[in-house]
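Asks: For reference, the file data_39.txt (compact mmCIF, C-alpha atoms) is included below:
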# COMPACT_ATOMS: atom_id res chain seq x y z
CA MET A 153 52.35 46.96 56.80
CA THR A 154 54.84 49.10 54.89
CA ARG A 155 58.44 48.05 55.37
CA LEU A 156 61.44 50.29 55.03
CA VAL A 157 64.02 49.70 52.31
CA PRO A 158 67.53 51.07 51.84
CA GLY A 159 67.36 54.66 50.66
CA ASP A 160 64.25 55.53 52.68
CA LEU A 161 64.47 58.33 55.22
CA ALA A 162 64.26 56.69 58.66
CA PRO A 163 61.29 57.93 60.69
CA ASP A 164 62.44 60.01 63.65
CA PHE A 165 61.25 58.88 67.06
CA THR A 166 61.25 59.94 70.68
CA LEU A 167 60.99 57.09 73.19
CA THR A 168 61.74 56.50 76.86
CA ALA A 169 64.69 54.23 77.62
CA HIS A 170 65.02 51.63 80.36
CA ASP A 171 67.03 54.11 82.44
CA GLY A 172 64.31 56.78 82.24
CA SER A 173 66.14 58.95 79.69
CA THR A 174 64.48 60.21 76.53
CA VAL A 175 66.03 59.04 73.27
CA THR A 176 65.40 60.45 69.80
CA LEU A 177 66.86 59.11 66.59
CA ARG A 178 67.66 62.65 65.43
CA GLU A 179 69.73 63.32 68.55
CA LEU A 180 71.49 59.95 68.36
CA LEU A 181 72.57 60.75 64.81
CA ALA A 182 73.50 64.37 65.55
CA ASP A 183 75.35 63.63 68.78
CA THR A 184 77.40 60.76 67.48
CA GLY A 185 77.64 61.09 63.71
CA ARG A 186 77.47 57.30 63.75
CA HIS A 187 75.30 54.61 62.22
CA VAL A 188 72.42 53.50 64.44
CA VAL A 189 71.28 49.89 64.61
CA VAL A 190 67.62 49.87 65.67
CA TYR A 191 66.47 46.37 66.45
CA PHE A 192 62.89 45.45 67.26
CA TYR A 193 62.04 42.47 69.45
CA PRO A 194 58.76 41.02 70.73
CA ALA A 195 59.16 40.76 74.51
CA ALA A 196 61.86 41.39 77.10
CA MET A 197 63.04 38.45 79.18
CA THR A 198 61.73 35.76 76.84
CA PRO A 199 64.22 33.12 75.64
CA GLY A 200 64.62 34.31 72.02
CA CYS A 201 64.75 37.99 72.91
CA THR A 202 67.27 37.31 75.66
CA THR A 203 69.47 35.38 73.23
CA GLN A 204 69.33 38.23 70.71
CA ALA A 205 69.94 40.97 73.31
CA CYS A 206 72.90 39.09 74.78
CA ASP A 207 74.34 38.62 71.29
CA PHE A 208 74.15 42.40 70.76
CA ARG A 209 75.68 42.92 74.22
CA ASP A 210 78.54 40.54 73.43
CA SER A 211 79.20 42.25 70.06
CA LEU A 212 78.71 45.80 71.33
CA ASP A 213 82.40 46.71 71.68
CA ALA A 214 83.11 45.60 68.11
CA LEU A 215 80.03 47.36 66.74
CA ASN A 216 80.87 50.56 68.64
CA ALA A 217 84.48 50.43 67.41
CA SER A 218 83.16 50.16 63.84
CA GLY A 219 80.95 53.24 64.21
CA TYR A 220 77.60 51.66 65.16
CA THR A 221 75.33 52.58 68.08
CA VAL A 222 72.75 49.93 69.08
CA VAL A 223 69.26 50.50 70.51
CA GLY A 224 66.54 47.92 71.07
CA VAL A 225 62.82 48.68 70.81
CA SER A 226 59.87 46.70 72.16
CA LYS A 227 56.35 47.41 73.36
CA ASP A 228 57.37 46.51 76.93
CA PRO A 229 56.94 49.11 79.70
CA VAL A 230 60.04 50.92 80.96
CA ASP A 231 60.12 49.04 84.28
CA LYS A 232 60.24 45.66 82.51
CA LEU A 233 63.04 46.94 80.24
CA ALA A 234 64.97 48.11 83.32
CA GLN A 235 64.66 44.61 84.82
CA PHE A 236 65.80 43.07 81.52
CA ALA A 237 68.83 45.36 81.29
CA GLU A 238 69.79 44.70 84.90
CA ARG A 239 69.26 40.94 84.75
CA ASP A 240 71.32 40.44 81.58
CA GLY A 241 73.90 43.24 81.89
CA LEU A 242 72.65 45.04 78.79
CA THR A 243 74.59 48.27 78.37
CA PHE A 244 72.83 49.70 75.30
CA LYS A 245 69.52 51.56 75.43
CA LEU A 246 66.30 49.56 75.49
CA LEU A 247 63.40 51.75 74.34
CA SER A 248 59.73 51.43 75.25
CA ASP A 249 57.11 51.82 72.50
CA PRO A 250 53.89 50.84 74.33
CA ASP A 251 51.52 52.19 71.65
CA HIS A 252 53.71 50.58 68.93
CA ALA A 253 53.74 53.78 66.83
CA VAL A 254 57.48 53.48 66.13
CA LEU A 255 57.18 49.74 65.51
CA GLU A 256 54.49 50.51 62.92
CA ALA A 257 56.48 53.35 61.33
CA TYR A 258 59.43 51.00 60.85
CA GLY A 259 57.30 48.13 59.51
CA ALA A 260 58.06 46.00 62.56
CA TRP A 261 54.45 45.59 63.69
CA GLY A 262 52.00 43.38 61.87
CA GLU A 263 50.77 39.92 61.13
CA LYS A 264 53.18 37.11 61.85
CA THR A 265 53.12 33.34 62.12
CA ASN A 266 54.67 31.59 65.08
CA TYR A 267 54.42 27.84 65.60
CA GLY A 268 51.72 27.66 62.94
CA ARG A 269 49.53 30.32 64.57
CA THR A 270 48.90 33.72 63.04
CA SER A 271 48.84 36.77 65.29
CA VAL A 272 49.51 40.51 65.20
CA GLY A 273 52.49 41.87 67.09
CA VAL A 274 56.17 42.73 66.88
CA VAL A 275 57.97 41.33 63.86
CA ARG A 276 61.59 40.72 64.88
CA SER A 277 63.44 43.21 62.67
CA THR A 278 66.61 45.27 62.38
CA VAL A 279 67.08 48.59 60.60
CA VAL A 280 70.48 50.25 60.21
CA VAL A 281 70.31 54.03 59.81
CA GLY A 282 73.25 55.98 58.40
CA PRO A 283 74.58 59.21 59.90
CA ASP A 284 72.49 61.11 57.31
CA GLY A 285 69.25 59.52 58.60
CA VAL A 286 68.83 57.27 55.58
CA VAL A 287 68.11 53.55 55.92
CA GLU A 288 71.17 51.53 54.91
CA LEU A 289 69.86 48.06 55.72
CA ALA A 290 66.42 46.72 56.68
CA GLN A 291 65.88 43.11 57.70
CA TYR A 292 62.52 41.64 58.72
CA ASN A 293 61.47 38.32 60.24
CA VAL A 294 65.01 37.73 61.44
CA LYS A 295 65.94 34.80 63.66
CA ALA A 296 66.88 35.54 67.27
CA THR A 297 69.78 33.08 67.24
CA GLY A 298 72.64 34.02 64.94
CA HIS A 299 71.14 37.29 63.80
CA VAL A 300 73.91 39.54 65.15
CA ALA A 301 76.60 37.44 63.46
CA LYS A 302 74.66 37.63 60.17
CA LEU A 303 74.17 41.38 60.62
CA ARG A 304 77.90 41.85 61.14
CA ARG A 305 78.62 39.88 57.96
CA ASP A 306 76.01 41.92 56.05
CA LEU A 307 77.65 45.14 57.29
CA GLY A 308 81.08 43.90 56.16
CA LEU A 309 82.45 43.54 59.69
CA ASP A 310 84.63 40.53 60.43
CA ALA A 311 84.84 38.68 63.74
CA ALA A 312 87.46 41.13 64.98
CA GLY A 313 85.03 44.03 64.51
CA GLN A 314 86.80 45.48 61.51
If you took the structure in this file and wrote it as structure tokens, what would it be?
Replies:
Amino acid sequence: MTRLVPGDLAPDFTLTAHDGSTVTLRELLADTGRHVVVYFYPAAMTPGCTTQACDFRDSLDALNASGYTVVGVSKDPVDKLAQFAERDGLTFKLLSDPDHAVLEAYGAWGEKTNYGRTSVGVVRSTVVVGPDGVVELAQYNVKATGHVAKLRRDLGLDAAGQ
């Protein structure tokens, strides 16, 4: 598995969102001129992924005010993502990557160890892409709990979203 590092050109993608819309990285960057936080999570509506998604939801206003757009990517089908968004009031786009091509391109698919067992699947990861399409930050094997707070610190944002 090849992981992205700062300075790499972020792979473009086209995926279907939980609301049925089509989302491409290129259009997100062109339309907004903002940074894009692409976070990868194993499975919608599981405890850890719910914690992480709700943390992004709760920090979304501050991230948006600081110039960041957030999207989440998993291998879940669109209908499950729609249920997840509805159930937890998630207002950012959740993107479906059922063949895990984007997960692989971003280095977020591969071997992982969970509770002492090795398997292949989604590696919880976050990649921040600058307005120019270049990776600014790439974090792999992140923890679900506390990750958004750490990400905000790593991006130089304080609790007030500055």
Asks: Work out how far apart CA of Lys295 (chain A) and CA of Leu156 (chain A) are and give it in Å to one decimal.
Replies: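 Computing the Euclidean distance for CA of Lys295 (chain A) and CA of Leu156 (chain A) yields 18.3 Å.
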Asks: Using all atoms listed in the file, what table do you get, as JSON lines, when you list each residue of region 169-232 of chain A with an atom no more than 7 Å from region 240-251 of chain A, its nearest pair of atoms, and their distance in Å rounded to one decimal, rows by chain then rising number?
Replies:
{"residue": "A:Ala169", "atom": "CA", "partner": "A:Leu247", "partner_atom": "CA", "distance": 4.3}
{"residue": "A:His170", "atom": "CA", "partner": "A:Leu246", "partner_atom": "CA", "distance": 5.4}
{"residue": "A:Arg209", "atom": "CA", "partner": "A:Leu242", "partner_atom": "CA", "distance": 5.9}
{"residue": "A:Val222", "atom": "CA", "partner": "A:Phe244", "partner_atom": "CA", "distance": 6.2}
{"residue": "A:Val223", "atom": "CA", "partner": "A:Lys245", "partner_atom": "CA", "distance": 5.0}
{"residue": "A:Gly224", "atom": "CA", "partner": "A:Leu246", "partner_atom": "CA", "distance": 4.7}
{"residue": "A:Val225", "atom": "CA", "partner": "A:Leu247", "partner_atom": "CA", "distance": 4.7}
{"residue": "A:Ser226", "atom": "CA", "partner": "A:Ser248", "partner_atom": "CA", "distance": 5.7}
{"residue": "A:Lys227", "atom": "CA", "partner": "A:Pro250", "partner_atom": "CA", "distance": 4.3}
{"residue": "A:Asp228", "atom": "CA", "partner": "A:Ser248", "partner_atom": "CA", "distance": 5.7}
{"residue": "A:Pro229", "atom": "CA", "partner": "A:Ser248", "partner_atom": "CA", "distance": 5.7}
{"residue": "A:Val230", "atom": "CA", "partner": "A:Ser248", "partner_atom": "CA", "distance": 5.7}
Asks: How many Å lie between CA of His299 (chain A) and CA of Gln204 (chain A), rounded to one decimal?
Replies: 7.2 Å
Asks: Of the candidates A:Asp160, A:Lys232, A:Leu215, A:Leu180, which one gets nearest to Leu289 (chain A) if we count all atoms listed in the file?
Replies: A:Asp160
Asks: From the list A:Gly282, A:Pro158, A:Gly172, A:Gly298, which residue is nearest Cys201 (chain A) when using only C-alpha atoms?
Replies: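 Residue with the minimum atom-to-atom distance to Cys201 (chain A): A:Gly298.
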Asks: Using all atoms listed in the file, can you tell me which of A:Ala196, A:Asp284, A:Arg186, A:Leu233 comes closest to Ala217 (chain A)?
Replies: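 Closest to Ala217 (chain A), using all atoms listed in the file: A:Arg186.
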Asks: With distances taken over all atoms listed in the file, which residue among A:Met197, A:Ala205, A:Leu255, A:Ala237 lies nearest Leu167 (chain A)?
Replies: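 Going through A:Met197, A:Ala205, A:Leu255, A:Ala237 one by one, the smallest distance to Leu167 (chain A) is for A:Leu255.
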Asks: What is the distance between CA of Tyr267 (chain A) and CA of Thr198 (chain A), in Å to one decimal?
Replies: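 Interatomic distance here is 15.6 Å.
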Asks: Pick from A:Leu307, A:Val254, A:Ala182, A:Val294: nearest to Thr168 (chain A), with all atoms listed in the file counted?
Replies: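 Residue with the minimum atom-to-atom distance to Thr168 (chain A): A:Val254.
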Asks: Which polymer residues have any atom within 10 Å of an atom of Asp183 (chain A), counting only C-alpha atoms, with same-chain residues fewer than 5 positions away left out, as a list in words?
Replies: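 So the residues in contact are Leu177, Arg178 and Pro283 of chain A.
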Asks: Using all atoms listed in the file, find the one residue out of A:Leu212, A:Val287, A:Asn293, A:Thr202 that sits nearest to Thr265 (chain A).
Replies: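 Ranked by minimum distance to Thr265 (chain A), first place goes to A:Asn293.
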Asks: So that I can see what lies close to Val274 (chain A), please list as a list in words the residues with an atom at most 10 Å from it, counting all atoms listed in the file and leaving out residues fewer than 3 positions away in the same chain.
Replies: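 Residues meeting the cut-off are Phe192, Tyr193, Pro194, Ala195, Val225, Ser226, Lys227, His252, Leu255, Glu256, Gly259, Ala260, Trp261, Gly262, Glu263, Lys264, Ser271, Ser277 and Asn293 of chain A.
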Asks: Please dump the current selection as a compact mmCIF listing (two decimals), in the coordinates of the input; keep C-alpha atoms.
Replies:
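Just written: out02.txt:
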# COMPACT_ATOMS: atom_id res chain seq x y z
CA PHE A 192 62.89 45.45 67.26
CA TYR A 193 62.04 42.47 69.45
CA PRO A 194 58.76 41.02 70.73
CA ALA A 195 59.16 40.76 74.51
CA VAL A 225 62.82 48.68 70.81
CA SER A 226 59.87 46.70 72.16
CA LYS A 227 56.35 47.41 73.36
CA HIS A 252 53.71 50.58 68.93
CA LEU A 255 57.18 49.74 65.51
CA GLU A 256 54.49 50.51 62.92
CA GLY A 259 57.30 48.13 59.51
CA ALA A 260 58.06 46.00 62.56
CA TRP A 261 54.45 45.59 63.69
CA GLY A 262 52.00 43.38 61.87
CA GLU A 263 50.77 39.92 61.13
CA LYS A 264 53.18 37.11 61.85
CA SER A 271 48.84 36.77 65.29
CA SER A 277 63.44 43.21 62.67
CA ASN A 293 61.47 38.32 60.24
Asks: Would you list the contacts of Leu303 (chain A) as a PyMOL selection string, taking every protein, DNA or RNA residue within 12 Å and counting all atoms listed in the file, but skipping same-chain residues closer than 3 positions in sequence?
Replies: chain A and resi 189-191+204+207-208+211+215+220+277-280+289-292+294-300+306-311+313
Asks: Could you turn the residues from that selection into a file that holds C-alpha atoms, as a PDB file, keeping the file's coordinate frame?
Replies:
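As a result, result_12.pdb now contains:
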ATOM      1  CA  VAL A 189      71.280  49.890  64.610  1.00  0.00           C
ATOM      2  CA  VAL A 190      67.620  49.870  65.670  1.00  0.00           C
ATOM      3  CA  TYR A 191      66.470  46.370  66.450  1.00  0.00           C
ATOM      4  CA  GLN A 204      69.330  38.230  70.710  1.00  0.00           C
ATOM      5  CA  ASP A 207      74.340  38.620  71.290  1.00  0.00           C
ATOM      6  CA  PHE A 208      74.150  42.400  70.760  1.00  0.00           C
ATOM      7  CA  SER A 211      79.200  42.250  70.060  1.00  0.00           C
ATOM      8  CA  LEU A 215      80.030  47.360  66.740  1.00  0.00           C
ATOM      9  CA  TYR A 220      77.600  51.660  65.160  1.00  0.00           C
ATOM     10  CA  SER A 277      63.440  43.210  62.670  1.00  0.00           C
ATOM     11  CA  THR A 278      66.610  45.270  62.380  1.00  0.00           C
ATOM     12  CA  VAL A 279      67.080  48.590  60.600  1.00  0.00           C
ATOM     13  CA  VAL A 280      70.480  50.250  60.210  1.00  0.00           C
ATOM     14  CA  LEU A 289      69.860  48.060  55.720  1.00  0.00           C
ATOM     15  CA  ALA A 290      66.420  46.720  56.680  1.00  0.00           C
ATOM     16  CA  GLN A 291      65.880  43.110  57.700  1.00  0.00           C
ATOM     17  CA  TYR A 292      62.520  41.640  58.720  1.00  0.00           C
ATOM     18  CA  VAL A 294      65.010  37.730  61.440  1.00  0.00           C
ATOM     19  CA  LYS A 295      65.940  34.800  63.660  1.00  0.00           C
ATOM     20  CA  ALA A 296      66.880  35.540  67.270  1.00  0.00           C
ATOM     21  CA  THR A 297      69.780  33.080  67.240  1.00  0.00           C
ATOM     22  CA  GLY A 298      72.640  34.020  64.940  1.00  0.00           C
ATOM     23  CA  HIS A 299      71.140  37.290  63.800  1.00  0.00           C
ATOM     24  CA  VAL A 300      73.910  39.540  65.150  1.00  0.00           C
ATOM     25  CA  ASP A 306      76.010  41.920  56.050  1.00  0.00           C
ATOM     26  CA  LEU A 307      77.650  45.140  57.290  1.00  0.00           C
ATOM     27  CA  GLY A 308      81.080  43.900  56.160  1.00  0.00           C
ATOM     28  CA  LEU A 309      82.450  43.540  59.690  1.00  0.00           C
ATOM     29  CA  ASP A 310      84.630  40.530  60.430  1.00  0.00           C
ATOM     30  CA  ALA A 311      84.840  38.680  63.740  1.00  0.00           C
ATOM     31  CA  GLY A 313      85.030  44.030  64.510  1.00  0.00           C
TER      32      GLY A 313
END
Asks: Is it possible to get the axis-aligned box enclosing region 273-285 of chain A (all listed atoms, 5 Å extra per side) as lines of an AutoDock Vina configuration file, with centre and edge lengths in Å rounded to one decimal?
Replies:
center_x = 63.5
center_y = 50.9
center_z = 62.2
size_x = 32.1
size_y = 30.4
size_z = 19.8
Asks: Would you mind writing region 192-203 of chain A with all heavy atoms, as an mmCIF file, in the coordinates of the input?
Replies:
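Output below, filename selection-v1.cif:
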data_model
loop_
_atom_site.group_PDB
_atom_site.id
_atom_site.type_symbol
_atom_site.label_atom_id
_atom_site.label_comp_id
_atom_site.auth_asym_id
_atom_site.auth_seq_id
_atom_site.Cartn_x
_atom_site.Cartn_y
_atom_site.Cartn_z
ATOM 1 N N PHE A 192 64.224 45.574 66.693
ATOM 2 C CA PHE A 192 62.890 45.450 67.260
ATOM 3 C C PHE A 192 62.681 44.007 67.693
ATOM 4 O O PHE A 192 62.945 43.085 66.920
ATOM 5 C CB PHE A 192 61.840 45.843 66.219
ATOM 6 C CG PHE A 192 62.021 47.255 65.713
ATOM 7 C CD1 PHE A 192 62.778 47.513 64.576
ATOM 8 C CD2 PHE A 192 61.449 48.326 66.376
ATOM 9 C CE1 PHE A 192 62.946 48.808 64.117
ATOM 10 C CE2 PHE A 192 61.614 49.629 65.923
ATOM 11 C CZ PHE A 192 62.368 49.861 64.789
ATOM 12 N N TYR A 193 62.212 43.820 68.916
ATOM 13 C CA TYR A 193 62.040 42.470 69.450
ATOM 14 C C TYR A 193 60.704 42.369 70.172
ATOM 15 O O TYR A 193 60.200 43.346 70.723
ATOM 16 C CB TYR A 193 63.207 42.103 70.373
ATOM 17 C CG TYR A 193 63.369 43.013 71.570
ATOM 18 C CD1 TYR A 193 62.854 42.654 72.807
ATOM 19 C CD2 TYR A 193 64.010 44.247 71.456
ATOM 20 C CE1 TYR A 193 62.984 43.485 73.905
ATOM 21 C CE2 TYR A 193 64.150 45.083 72.552
ATOM 22 C CZ TYR A 193 63.627 44.693 73.772
ATOM 23 O OH TYR A 193 63.753 45.526 74.858
ATOM 24 N N PRO A 194 60.109 41.170 70.202
ATOM 25 C CA PRO A 194 58.760 41.020 70.730
ATOM 26 C C PRO A 194 58.579 41.240 72.228
ATOM 27 O O PRO A 194 57.638 41.918 72.631
ATOM 28 C CB PRO A 194 58.385 39.578 70.361
ATOM 29 C CG PRO A 194 59.251 39.266 69.186
ATOM 30 C CD PRO A 194 60.530 39.993 69.438
ATOM 31 N N ALA A 195 59.437 40.674 73.073
ATOM 32 C CA ALA A 195 59.160 40.760 74.510
ATOM 33 C C ALA A 195 60.425 40.547 75.337
ATOM 34 O O ALA A 195 61.100 39.527 75.187
ATOM 35 C CB ALA A 195 58.104 39.746 74.919
ATOM 36 N N ALA A 196 60.700 41.495 76.209
ATOM 37 C CA ALA A 196 61.860 41.390 77.100
ATOM 38 C C ALA A 196 61.748 40.146 77.975
ATOM 39 O O ALA A 196 60.662 39.752 78.375
ATOM 40 C CB ALA A 196 61.943 42.640 77.982
ATOM 41 N N MET A 197 62.884 39.569 78.248
ATOM 42 C CA MET A 197 63.040 38.450 79.180
ATOM 43 C C MET A 197 62.416 37.142 78.701
ATOM 44 O O MET A 197 62.193 36.235 79.491
ATOM 45 C CB MET A 197 62.565 38.823 80.586
ATOM 46 C CG MET A 197 63.385 39.955 81.172
ATOM 47 S SD MET A 197 63.204 40.228 82.925
ATOM 48 C CE MET A 197 61.658 41.072 83.019
ATOM 49 N N THR A 198 62.142 37.038 77.406
ATOM 50 C CA THR A 198 61.730 35.760 76.840
ATOM 51 C C THR A 198 62.990 35.110 76.256
ATOM 52 O O THR A 198 63.984 35.797 75.998
ATOM 53 C CB THR A 198 60.666 35.943 75.750
ATOM 54 O OG1 THR A 198 61.186 36.810 74.733
ATOM 55 C CG2 THR A 198 59.382 36.529 76.323
ATOM 56 N N PRO A 199 62.985 33.797 76.062
ATOM 57 C CA PRO A 199 64.220 33.120 75.640
ATOM 58 C C PRO A 199 64.844 33.676 74.358
ATOM 59 O O PRO A 199 66.044 33.969 74.325
ATOM 60 C CB PRO A 199 63.783 31.663 75.475
ATOM 61 C CG PRO A 199 62.633 31.506 76.421
ATOM 62 C CD PRO A 199 61.914 32.830 76.381
ATOM 63 N N GLY A 200 64.051 33.819 73.283
ATOM 64 C CA GLY A 200 64.620 34.310 72.020
ATOM 65 C C GLY A 200 65.120 35.738 72.124
ATOM 66 O O GLY A 200 66.198 36.071 71.628
ATOM 67 N N CYS A 201 64.355 36.588 72.782
ATOM 68 C CA CYS A 201 64.750 37.990 72.910
ATOM 69 C C CYS A 201 65.962 38.146 73.814
ATOM 70 O O CYS A 201 66.802 39.020 73.588
ATOM 71 C CB CYS A 201 63.570 38.822 73.412
ATOM 72 S SG CYS A 201 62.203 38.856 72.215
ATOM 73 N N THR A 202 66.076 37.292 74.810
ATOM 74 C CA THR A 202 67.270 37.310 75.660
ATOM 75 C C THR A 202 68.491 36.887 74.870
ATOM 76 O O THR A 202 69.547 37.528 74.956
ATOM 77 C CB THR A 202 67.060 36.392 76.887
ATOM 78 O OG1 THR A 202 65.970 36.912 77.658
ATOM 79 C CG2 THR A 202 68.307 36.329 77.750
ATOM 80 N N THR A 203 68.359 35.838 74.072
ATOM 81 C CA THR A 203 69.470 35.380 73.230
ATOM 82 C C THR A 203 69.934 36.505 72.316
ATOM 83 O O THR A 203 71.130 36.799 72.220
ATOM 84 C CB THR A 203 69.044 34.158 72.390
ATOM 85 O OG1 THR A 203 68.773 33.074 73.278
ATOM 86 C CG2 THR A 203 70.121 33.756 71.398
#
